[in-house]
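File shown: start_29.tsv. Contents: TSV, C-alpha atoms.
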chain	number	residue	atom	x	y	z
A	1	MET	CA	-20.68	307.88	15.90
A	2	ASP	CA	-23.65	307.63	18.26
A	3	PRO	CA	-23.60	309.93	21.28
A	4	ILE	CA	-24.00	308.64	24.83
A	5	LYS	CA	-26.85	310.25	26.74
A	6	ILE	CA	-27.54	308.98	30.24
A	7	GLU	CA	-29.91	310.63	32.70
A	8	GLY	CA	-28.59	311.06	36.22
A	9	THR	CA	-30.01	309.08	39.16
A	10	PRO	CA	-29.45	309.52	42.93
A	11	LYS	CA	-26.44	307.22	42.55
A	12	THR	CA	-25.15	307.73	39.03
A	13	PRO	CA	-24.20	310.81	37.02
A	14	THR	CA	-25.68	312.44	33.95
A	15	VAL	CA	-23.48	311.63	30.97
A	16	ASN	CA	-23.39	313.36	27.60
A	17	PHE	CA	-20.68	312.27	25.21
A	18	ASP	CA	-21.07	313.88	21.81
A	19	ALA	CA	-18.57	313.13	19.06
A	20	GLU	CA	-20.11	315.75	16.72
A	21	SER	CA	-19.25	318.65	19.01
A	22	GLY	CA	-16.28	317.04	20.79
A	23	LEU	CA	-17.95	317.66	24.13
A	24	LEU	CA	-17.86	315.01	26.86
A	25	GLU	CA	-19.70	315.72	30.11
A	26	ILE	CA	-20.12	313.85	33.38
A	27	LYS	CA	-22.27	315.68	35.93
A	28	GLY	CA	-24.01	315.03	39.23
A	29	ARG	CA	-23.12	312.28	41.63
A	30	SER	CA	-21.37	308.99	41.24
A	31	ILE	CA	-21.86	306.71	44.23
A	32	PRO	CA	-22.97	303.32	42.87
A	33	GLU	CA	-21.95	300.18	44.80
A	34	ASN	CA	-20.28	298.96	41.66
A	35	ALA	CA	-19.01	301.69	39.38
A	36	VAL	CA	-17.15	299.41	36.96
A	37	GLU	CA	-20.36	298.39	35.18
A	38	PHE	CA	-21.40	302.02	34.74
A	39	TYR	CA	-18.09	303.35	33.45
A	40	LYS	CA	-17.01	300.51	31.13
A	41	PRO	CA	-19.19	301.67	28.19
A	42	LEU	CA	-17.86	305.21	28.60
A	43	VAL	CA	-14.26	304.06	28.41
A	44	ASP	CA	-15.06	301.92	25.34
A	45	TRP	CA	-16.79	304.88	23.67
A	46	ILE	CA	-13.70	307.07	24.12
A	47	GLY	CA	-11.60	304.32	22.53
A	48	SER	CA	-13.74	304.45	19.37
A	49	TYR	CA	-13.98	308.25	19.47
A	50	GLY	CA	-10.19	308.49	19.08
A	51	ASP	CA	-10.41	307.69	15.36
A	52	GLY	CA	-11.95	310.65	13.59
A	53	ALA	CA	-12.21	312.82	16.69
A	54	LYS	CA	-12.61	316.58	16.46
A	55	ASP	CA	-9.43	318.70	16.61
A	56	ASN	CA	-10.44	319.85	20.08
A	57	THR	CA	-12.18	317.90	22.81
A	58	GLN	CA	-13.60	319.51	25.93
A	59	VAL	CA	-14.23	317.25	28.88
A	60	ASN	CA	-16.45	318.71	31.60
A	61	ILE	CA	-16.43	316.96	34.94
A	62	GLN	CA	-18.90	318.48	37.37
A	63	LEU	CA	-19.47	316.14	40.27
A	64	GLU	CA	-21.01	316.80	43.66
A	65	TYR	CA	-19.96	313.49	45.13
A	66	PHE	CA	-18.12	310.41	44.03
A	67	ASN	CA	-17.26	307.30	45.99
A	68	THR	CA	-13.99	305.38	45.84
A	69	SER	CA	-15.55	302.71	43.64
A	70	SER	CA	-15.95	305.52	41.08
A	71	SER	CA	-12.47	306.98	41.70
A	72	LYS	CA	-10.64	304.26	39.83
A	73	CYS	CA	-13.22	304.26	37.05
A	74	ILE	CA	-12.84	308.01	36.57
A	75	LEU	CA	-9.10	307.46	36.37
A	76	ASP	CA	-9.75	304.85	33.66
A	77	VAL	CA	-11.77	307.42	31.71
A	78	PHE	CA	-8.89	309.89	31.97
A	79	LYS	CA	-6.30	307.26	31.01
A	80	LYS	CA	-8.33	306.38	27.94
A	81	LEU	CA	-8.49	310.09	27.08
A	82	GLU	CA	-4.73	310.32	27.58
A	83	SER	CA	-4.27	307.50	25.08
A	84	ILE	CA	-6.11	309.46	22.34
A	85	ASN	CA	-4.66	312.84	23.26
A	86	GLY	CA	-2.44	312.88	20.13
A	87	LYS	CA	-5.45	312.50	17.82
A	88	THR	CA	-7.41	315.35	19.38
A	89	SER	CA	-6.36	318.13	21.69
A	90	ILE	CA	-8.08	317.51	25.03
A	91	THR	CA	-8.79	319.79	27.96
A	92	ILE	CA	-10.32	318.46	31.16
A	93	ASN	CA	-12.43	321.09	32.92
A	94	TRP	CA	-12.70	320.00	36.54
A	95	HIS	CA	-15.55	321.86	38.25
A	96	TYR	CA	-15.88	322.22	41.99
A	97	GLU	CA	-18.15	324.25	44.15
A	98	GLU	CA	-16.74	327.24	45.99
A	99	ASP	CA	-14.92	326.16	49.18
A	100	ASP	CA	-15.26	322.45	48.40
A	101	GLU	CA	-11.63	321.68	49.14
A	102	ASP	CA	-12.14	317.93	48.98
A	103	MET	CA	-13.39	318.14	45.39
A	104	LEU	CA	-10.59	320.52	44.38
A	105	GLU	CA	-7.99	318.19	45.88
A	106	ALA	CA	-9.55	315.23	44.08
A	107	GLY	CA	-9.14	317.08	40.78
A	108	GLU	CA	-5.55	317.97	41.58
A	109	ASP	CA	-4.81	314.32	42.34
A	110	TYR	CA	-5.98	313.31	38.86
A	111	GLN	CA	-4.05	316.20	37.37
A	112	ALA	CA	-0.87	314.88	39.00
A	113	ILE	CA	-1.37	311.43	37.45
A	114	ILE	CA	-2.78	312.27	34.01
A	115	ASN	CA	-0.82	313.96	31.26
A	116	ILE	CA	-3.65	316.13	29.90
A	117	PRO	CA	-4.17	319.85	30.61
A	118	PHE	CA	-6.63	320.39	33.48
A	119	LYS	CA	-8.55	323.56	34.17
A	120	MET	CA	-9.84	323.92	37.72
A	121	ILE	CA	-13.11	325.81	37.59
A	122	GLU	CA	-14.62	327.15	40.79
A	123	MET	CA	-18.38	327.57	40.67
A	124	GLU	CA	-20.63	329.46	43.03
A	125	GLU	CA	-23.27	326.79	42.87
A	126	MET	CA	-23.39	323.61	40.81
B	1	MET	CA	-28.45	310.95	67.58
B	2	LEU	CA	-29.24	311.39	63.90
B	3	ILE	CA	-29.28	307.75	62.85
B	4	ASP	CA	-29.06	304.49	64.76
B	5	PHE	CA	-29.35	301.49	62.52
B	6	HIS	CA	-29.04	297.86	63.43
B	7	GLY	CA	-29.99	295.28	60.89
B	8	GLU	CA	-29.31	293.56	57.63
B	9	VAL	CA	-26.86	295.23	55.28
B	10	SER	CA	-28.51	294.82	51.90
B	11	GLU	CA	-28.15	297.13	48.93
B	12	SER	CA	-31.66	298.49	49.39
B	13	ARG	CA	-31.25	299.12	53.13
B	14	ILE	CA	-27.95	300.96	52.54
B	15	SER	CA	-29.61	303.13	49.89
B	16	GLU	CA	-32.49	303.89	52.26
B	17	ILE	CA	-30.14	304.93	55.06
B	18	LEU	CA	-28.14	307.13	52.71
B	19	GLY	CA	-31.32	308.83	51.55
B	20	ASP	CA	-32.33	309.41	55.19
B	21	VAL	CA	-28.93	310.72	56.16
B	22	GLU	CA	-28.83	313.13	53.25
B	23	LYS	CA	-32.21	314.61	54.15
B	24	LYS	CA	-31.24	314.98	57.80
B	25	LEU	CA	-27.92	316.62	56.97
B	26	GLU	CA	-29.59	319.04	54.58
B	27	ALA	CA	-32.12	319.95	57.26
B	28	THR	CA	-29.72	320.28	60.19
B	29	GLU	CA	-26.26	321.18	58.87
B	30	GLU	CA	-25.89	324.74	57.69
B	31	ASP	CA	-22.27	324.45	56.65
B	32	PHE	CA	-22.51	323.10	53.14
B	33	LYS	CA	-18.86	321.98	53.10
B	34	LYS	CA	-19.39	319.93	56.20
B	35	GLN	CA	-22.64	318.50	54.82
B	36	ARG	CA	-20.78	317.17	51.79
B	37	LYS	CA	-17.83	315.93	53.76
B	38	VAL	CA	-19.99	314.02	56.23
B	39	TYR	CA	-22.17	312.57	53.48
B	40	ASN	CA	-19.13	311.45	51.51
B	41	ILE	CA	-17.68	309.71	54.54
B	42	LEU	CA	-21.01	308.01	55.24
B	43	VAL	CA	-21.24	306.72	51.69
B	44	GLU	CA	-17.84	305.06	52.07
B	45	THR	CA	-18.58	303.75	55.57
B	46	LEU	CA	-21.91	302.22	54.59
B	47	GLN	CA	-20.59	300.76	51.37
B	48	ASN	CA	-17.72	299.26	53.37
B	49	LEU	CA	-20.29	297.63	55.64
B	50	TYR	CA	-22.12	296.34	52.60
B	51	TYR	CA	-19.00	294.75	51.14
B	52	HIS	CA	-17.11	293.62	54.19
B	53	THR	CA	-19.64	292.38	56.74
B	54	ASP	CA	-19.30	288.62	57.17
B	55	PRO	CA	-22.33	286.51	58.15
B	56	PHE	CA	-21.89	285.68	61.82
B	57	GLY	CA	-24.89	284.44	63.79
B	58	GLY	CA	-27.36	285.70	61.22
B	59	GLU	CA	-30.45	283.74	60.36
B	60	GLU	CA	-30.53	281.86	57.08
B	61	LEU	CA	-32.16	283.55	54.11
B	62	SER	CA	-34.29	281.81	51.50
B	63	ASP	CA	-31.34	281.45	49.12
B	64	GLY	CA	-29.33	279.57	51.78
B	65	GLU	CA	-27.08	282.58	52.39
B	66	LYS	CA	-26.80	283.86	55.93
B	67	LYS	CA	-28.02	287.29	56.81
B	68	ARG	CA	-25.26	289.83	57.31
B	69	VAL	CA	-26.01	292.26	60.10
B	70	ALA	CA	-24.23	295.42	61.20
B	71	ARG	CA	-24.76	298.47	63.36
B	72	PHE	CA	-24.31	302.03	62.24
B	73	ILE	CA	-24.66	305.20	64.29
B	74	LEU	CA	-24.39	308.85	63.31
B	75	GLY	CA	-24.45	311.41	66.08
B	76	LYS	CA	-23.55	315.02	66.53
B	77	ALA	CA	-21.90	316.50	69.60
B	78	GLU	CA	-21.16	320.21	69.59
B	79	ASP	CA	-19.51	320.89	66.25
B	80	HIS	CA	-18.39	317.37	65.46
B	81	TYR	CA	-20.07	314.39	63.91
B	82	HIS	CA	-19.39	310.93	65.23
B	83	VAL	CA	-19.80	307.86	63.11
B	84	LEU	CA	-19.71	304.36	64.51
B	85	ALA	CA	-19.80	301.26	62.36
B	86	ALA	CA	-19.72	297.77	63.83
B	87	ASN	CA	-19.72	294.52	61.95
B	88	TYR	CA	-18.58	290.91	62.22
B	89	ILE	CA	-15.65	289.84	60.10
B	90	ASP	CA	-13.82	286.58	59.46
B	91	SER	CA	-10.91	286.19	61.87
B	92	ASP	CA	-8.57	285.78	58.91
B	93	ASN	CA	-9.38	289.30	57.78
B	94	ILE	CA	-8.51	290.98	61.07
B	95	ALA	CA	-4.71	291.10	60.79
B	96	PRO	CA	-4.58	292.59	57.26
B	97	LEU	CA	-7.30	295.12	58.11
B	98	LYS	CA	-5.53	296.15	61.30
B	99	ALA	CA	-2.26	296.58	59.40
B	100	ARG	CA	-4.03	298.82	56.85
B	101	LEU	CA	-5.64	300.95	59.55
B	102	ASP	CA	-2.33	301.35	61.39
B	103	LYS	CA	-0.58	302.33	58.18
B	104	ILE	CA	-3.24	304.96	57.48
B	105	ASN	CA	-3.14	306.31	61.04
B	106	ALA	CA	0.64	306.70	60.86
B	107	LEU	CA	0.35	309.14	57.94
B	108	ASP	CA	-0.17	312.89	58.09
B	109	LYS	CA	-2.32	314.89	55.63
B	110	ASP	CA	0.26	314.94	52.81
B	111	GLY	CA	1.24	311.35	53.46
B	112	LEU	CA	-2.39	310.27	53.13
B	113	ARG	CA	-2.73	312.18	49.90
B	114	ASP	CA	0.35	310.49	48.42
B	115	TYR	CA	-0.84	307.08	49.61
B	116	TYR	CA	-4.27	307.72	48.05
B	117	LYS	CA	-2.70	308.61	44.69
B	118	GLU	CA	-0.44	305.57	44.87
B	119	VAL	CA	-3.37	303.18	45.46
B	120	LEU	CA	-5.55	305.02	42.93
B	121	ASP	CA	-2.95	304.48	40.22
B	122	ASN	CA	-1.74	300.97	41.12
B	123	GLY	CA	-3.93	299.30	38.51
B	124	GLN	CA	-5.52	296.93	41.02
B	125	TYR	CA	-9.25	296.58	41.41
B	126	SER	CA	-11.25	294.90	44.10
B	127	VAL	CA	-14.48	293.12	43.25
B	128	HIS	CA	-16.45	296.34	43.59
B	129	GLY	CA	-13.81	298.51	41.96
B	130	GLY	CA	-12.56	300.57	44.89
B	131	GLY	CA	-9.37	298.61	45.30
B	132	GLY	CA	-8.67	299.61	48.90
B	133	LEU	CA	-9.21	303.36	48.60
B	134	GLY	CA	-12.19	303.55	50.97
B	135	MET	CA	-10.41	303.74	54.33
B	136	ILE	CA	-7.77	306.14	53.01
B	137	ASP	CA	-10.50	308.40	51.67
B	138	ILE	CA	-12.37	308.34	55.00
B	139	ALA	CA	-9.20	309.24	56.92
B	140	ARG	CA	-8.33	311.97	54.45
B	141	LYS	CA	-11.72	313.63	54.47
B	142	SER	CA	-12.34	313.33	58.22
B	143	ARG	CA	-8.91	314.88	58.99
B	144	ASN	CA	-8.82	312.76	62.12
B	145	LYS	CA	-7.23	309.46	63.11
B	146	LEU	CA	-9.42	306.39	62.74
B	147	GLU	CA	-10.34	304.79	66.04
B	148	TYR	CA	-10.89	301.08	65.85
B	149	ASP	CA	-11.33	298.01	67.97
B	150	PHE	CA	-11.38	294.28	67.30
B	151	THR	CA	-12.96	291.83	69.71
B	152	GLU	CA	-12.62	288.09	69.29
B	153	VAL	CA	-16.03	286.44	69.14
B	154	ASN	CA	-14.95	282.85	68.53
B	155	ASP	CA	-12.30	281.04	66.48
B	156	ASP	CA	-13.85	282.09	63.21
B	157	PHE	CA	-15.23	285.57	63.78
B	158	GLY	CA	-14.33	288.89	65.31
B	159	LEU	CA	-16.30	292.06	65.92
B	160	TYR	CA	-14.84	295.12	64.21
B	161	ILE	CA	-15.77	298.57	65.45
B	162	LEU	CA	-14.72	301.71	63.63
B	163	LYS	CA	-15.20	305.20	65.02
B	164	ILE	CA	-14.78	308.28	62.88
B	165	LYS	CA	-14.84	311.87	64.06
B	166	VAL	CA	-15.61	314.50	61.43
Could you write out this structure as structure tokens?
Amino acid sequence: MDPIKIEGTPKTPTVNFDAESGLLEIKGRSIPENAVEFYKPLVDWIGSYGDGAKDNTQVNIQLEYFNTSSSKCILDVFKKLESINGKTSITINWHYEEDDEDMLEAGEDYQAIINIPFKMIEMEEM
Amino acid sequence: MLIDFHGEVSESRISEILGDVEKKLEATEEDFKKQRKVYNILVETLQNLYYHTDPFGGEELSDGEKKRVARFILGKAEDHYHVLAANYIDSDNIAPLKARLDKINALDKDGLRDYYKEVLDNGQYSVHGGGGLGMIDIARKSRNKLEYDFTEVNDDFGLYILKIKV
């Protein structure tokens, strides 16, 4: 299965989804006016990844900023992951910068909705 | 005054202002947490202007659409930032917007968090995908009540002013 590799821009995140290693990463900032367009291919990719996925899947989310247009899309990504969580054992590593309470709370909100283990990882600097 | 913008709300103008704001915040705000918080709130505020400004009194553009104009101010007084956003909206949109703002203002920190999660997970999307989370997010991050005002312009339009203290 082909990986997804997207370079970050001032408005959209860097994405690396690699089926070979079972590592899915979204990093940077996500503040596009319309996030649906950006995230749809990611959600579709996860759907296909479910068949023949590695035993373990690590999902690294390391965002500086995201807007509310992205909030629902990120939830869609997590819901899709939840739907394949029987086929592969998933952990979502939610990174936030030291003292960034807003980003920690955002991660906890997803954790409350999504039935996948979350790890909250505090970083000194992103 | 850090920014005082009055003009057309197009995608490129909004991006320009955000770029400006980010540079200014990085240069003037030492508290990194505050820098992020303010920037986040500005992203939502400006994108709200982009999506919800209705075309009152604007000149006609080449594609027959009317120009949509708004005003946006970012200032700093002592240790607080003040954001003001003003735009024209269809009169029909005033009552539902006012009801939403009042609902948000009636909630405390935990109440806002629960409301955010509820709207996040309600499966409804607006045209741009946010599905009504923007104002809740602004209120949550600013940790202050939203101040607003509606002024009737004519039968079809009203002027909506939102003030946010961060």
Using only C-alpha atoms, which chain A residues lie at most 12 Å away from chain B, written as a ChimeraX atom specification? /A:10-11,29-40,63-76,78-79,96-103,105-114,125
Mind pulling up the distance from CA of Ala95 (chain B) to CA of Leu159 (chain B)?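 For CA of Leu159 (chain B) relative to CA of Ala95 (chain B), the distance reads 12.7 Å.
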What's the 10 Å shell around Met120 (chain A), counting all atoms listed in the file, without same-chain residues fewer than 2 positions away, as a PyMOL selection string? chain A and resi 61+92-96+104+107-108+111+117-118+122-123
Using Å and a single decimal, report how far CA of Lys54 (chain A) sits from CA of Gly22 (chain A). 5.7 Å
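In this comparison, which uses all atoms listed in the file, the residue of B:Lys165, B:Lys76, B:Lys103, B:Lys98 approaching Tyr148 (chain B) most closely is B:Lys98.
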Between CA of Asn115 (chain A) and CA of Gly50 (chain A) - distance in Å to one decimal: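 Rounded to one decimal, the two atoms are 16.3 Å apart.
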With distances taken over all atoms listed in the file, which of A:Val77, A:Ala53, A:Ile46, A:Val59 is nearest to Lys27 (chain A)? A:Val59
Would you mind telling me which residue in B:Ile161, B:Val9, B:Met1, B:Ala139 lies nearest to Ala106 (chain B) when using all atoms listed in the file? B:Ala139
From the set B:Ala77, B:Ile3, B:Leu112, B:Ala86, which residue has the shortest atom-to-atom contact distance to Thr45 (chain B), counting all atoms listed in the file? B:Ala86
Complete the atoms of region 41-52 of chain A to all heavy atoms and put them out as an mmCIF file, keeping the file's coordinate frame.
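Result went into result-v5.cif, see below:
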data_model
loop_
_atom_site.group_PDB
_atom_site.id
_atom_site.type_symbol
_atom_site.label_atom_id
_atom_site.label_comp_id
_atom_site.auth_asym_id
_atom_site.auth_seq_id
_atom_site.Cartn_x
_atom_site.Cartn_y
_atom_site.Cartn_z
ATOM 1 N N PRO A 41 -18.763 301.193 29.520
ATOM 2 C CA PRO A 41 -19.190 301.670 28.190
ATOM 3 C C PRO A 41 -18.635 303.060 27.845
ATOM 4 O O PRO A 41 -18.399 303.348 26.667
ATOM 5 C CB PRO A 41 -20.717 301.741 28.302
ATOM 6 C CG PRO A 41 -21.090 300.954 29.493
ATOM 7 C CD PRO A 41 -19.911 300.923 30.399
ATOM 8 N N LEU A 42 -18.402 303.873 28.857
ATOM 9 C CA LEU A 42 -17.860 305.210 28.600
ATOM 10 C C LEU A 42 -16.421 305.131 28.123
ATOM 11 O O LEU A 42 -16.009 305.818 27.186
ATOM 12 C CB LEU A 42 -17.947 306.089 29.869
ATOM 13 C CG LEU A 42 -19.283 306.176 30.603
ATOM 14 C CD1 LEU A 42 -19.219 307.213 31.714
ATOM 15 C CD2 LEU A 42 -20.414 306.529 29.637
ATOM 16 N N VAL A 43 -15.668 304.245 28.793
ATOM 17 C CA VAL A 43 -14.260 304.060 28.410
ATOM 18 C C VAL A 43 -14.192 303.492 26.987
ATOM 19 O O VAL A 43 -13.396 303.950 26.158
ATOM 20 C CB VAL A 43 -13.550 303.119 29.425
ATOM 21 C CG1 VAL A 43 -12.146 302.775 28.956
ATOM 22 C CG2 VAL A 43 -13.509 303.756 30.820
ATOM 23 N N ASP A 44 -15.046 302.521 26.695
ATOM 24 C CA ASP A 44 -15.060 301.920 25.340
ATOM 25 C C ASP A 44 -15.401 302.969 24.288
ATOM 26 O O ASP A 44 -14.823 302.986 23.201
ATOM 27 C CB ASP A 44 -16.095 300.780 25.276
ATOM 28 C CG ASP A 44 -15.675 299.596 26.144
ATOM 29 O OD1 ASP A 44 -14.488 299.546 26.541
ATOM 30 O OD2 ASP A 44 -16.530 298.743 26.434
ATOM 31 N N TRP A 45 -16.370 303.834 24.618
ATOM 32 C CA TRP A 45 -16.790 304.880 23.670
ATOM 33 C C TRP A 45 -15.615 305.782 23.334
ATOM 34 O O TRP A 45 -15.386 306.113 22.160
ATOM 35 C CB TRP A 45 -17.933 305.687 24.299
ATOM 36 C CG TRP A 45 -18.608 306.659 23.375
ATOM 37 C CD1 TRP A 45 -19.739 306.434 22.640
ATOM 38 C CD2 TRP A 45 -18.210 308.022 23.098
ATOM 39 N NE1 TRP A 45 -20.068 307.569 21.921
ATOM 40 C CE2 TRP A 45 -19.147 308.554 22.181
ATOM 41 C CE3 TRP A 45 -17.151 308.825 23.527
ATOM 42 C CZ2 TRP A 45 -19.072 309.864 21.690
ATOM 43 C CZ3 TRP A 45 -17.071 310.121 23.037
ATOM 44 C CH2 TRP A 45 -18.015 310.627 22.130
ATOM 45 N N ILE A 46 -14.843 306.176 24.342
ATOM 46 C CA ILE A 46 -13.700 307.070 24.120
ATOM 47 C C ILE A 46 -12.677 306.391 23.199
ATOM 48 O O ILE A 46 -12.106 307.026 22.316
ATOM 49 C CB ILE A 46 -13.039 307.465 25.469
ATOM 50 C CG1 ILE A 46 -14.008 308.328 26.286
ATOM 51 C CG2 ILE A 46 -11.722 308.206 25.249
ATOM 52 C CD1 ILE A 46 -13.614 308.522 27.745
ATOM 53 N N GLY A 47 -12.513 305.071 23.394
ATOM 54 C CA GLY A 47 -11.600 304.320 22.530
ATOM 55 C C GLY A 47 -11.981 304.467 21.064
ATOM 56 O O GLY A 47 -11.134 304.748 20.214
ATOM 57 N N SER A 48 -13.273 304.333 20.762
ATOM 58 C CA SER A 48 -13.740 304.450 19.370
ATOM 59 C C SER A 48 -13.702 305.906 18.899
ATOM 60 O O SER A 48 -13.457 306.176 17.722
ATOM 61 C CB SER A 48 -15.179 303.956 19.216
ATOM 62 O OG SER A 48 -15.389 302.803 19.964
ATOM 63 N N TYR A 49 -13.951 306.819 19.813
ATOM 64 C CA TYR A 49 -13.980 308.250 19.470
ATOM 65 C C TYR A 49 -12.616 308.728 18.962
ATOM 66 O O TYR A 49 -12.534 309.625 18.117
ATOM 67 C CB TYR A 49 -14.411 309.044 20.709
ATOM 68 C CG TYR A 49 -14.276 310.540 20.593
ATOM 69 C CD1 TYR A 49 -15.101 311.279 19.742
ATOM 70 C CD2 TYR A 49 -13.306 311.230 21.340
ATOM 71 C CE1 TYR A 49 -14.969 312.661 19.646
ATOM 72 C CE2 TYR A 49 -13.176 312.609 21.251
ATOM 73 C CZ TYR A 49 -14.001 313.318 20.400
ATOM 74 O OH TYR A 49 -13.866 314.676 20.303
ATOM 75 N N GLY A 50 -11.553 308.099 19.453
ATOM 76 C CA GLY A 50 -10.190 308.490 19.080
ATOM 77 C C GLY A 50 -9.977 308.590 17.573
ATOM 78 O O GLY A 50 -9.332 309.513 17.078
ATOM 79 N N ASP A 51 -10.549 307.644 16.817
ATOM 80 C CA ASP A 51 -10.410 307.690 15.360
ATOM 81 C C ASP A 51 -11.464 308.638 14.817
ATOM 82 O O ASP A 51 -12.650 308.403 14.982
ATOM 83 C CB ASP A 51 -10.595 306.287 14.777
ATOM 84 C CG ASP A 51 -9.619 305.315 15.412
ATOM 85 O OD1 ASP A 51 -8.414 305.617 15.434
ATOM 86 O OD2 ASP A 51 -10.065 304.260 15.914
ATOM 87 N N GLY A 52 -11.014 309.690 14.161
ATOM 88 C CA GLY A 52 -11.950 310.650 13.590
ATOM 89 C C GLY A 52 -12.487 311.657 14.586
ATOM 90 O O GLY A 52 -13.552 312.238 14.373
#
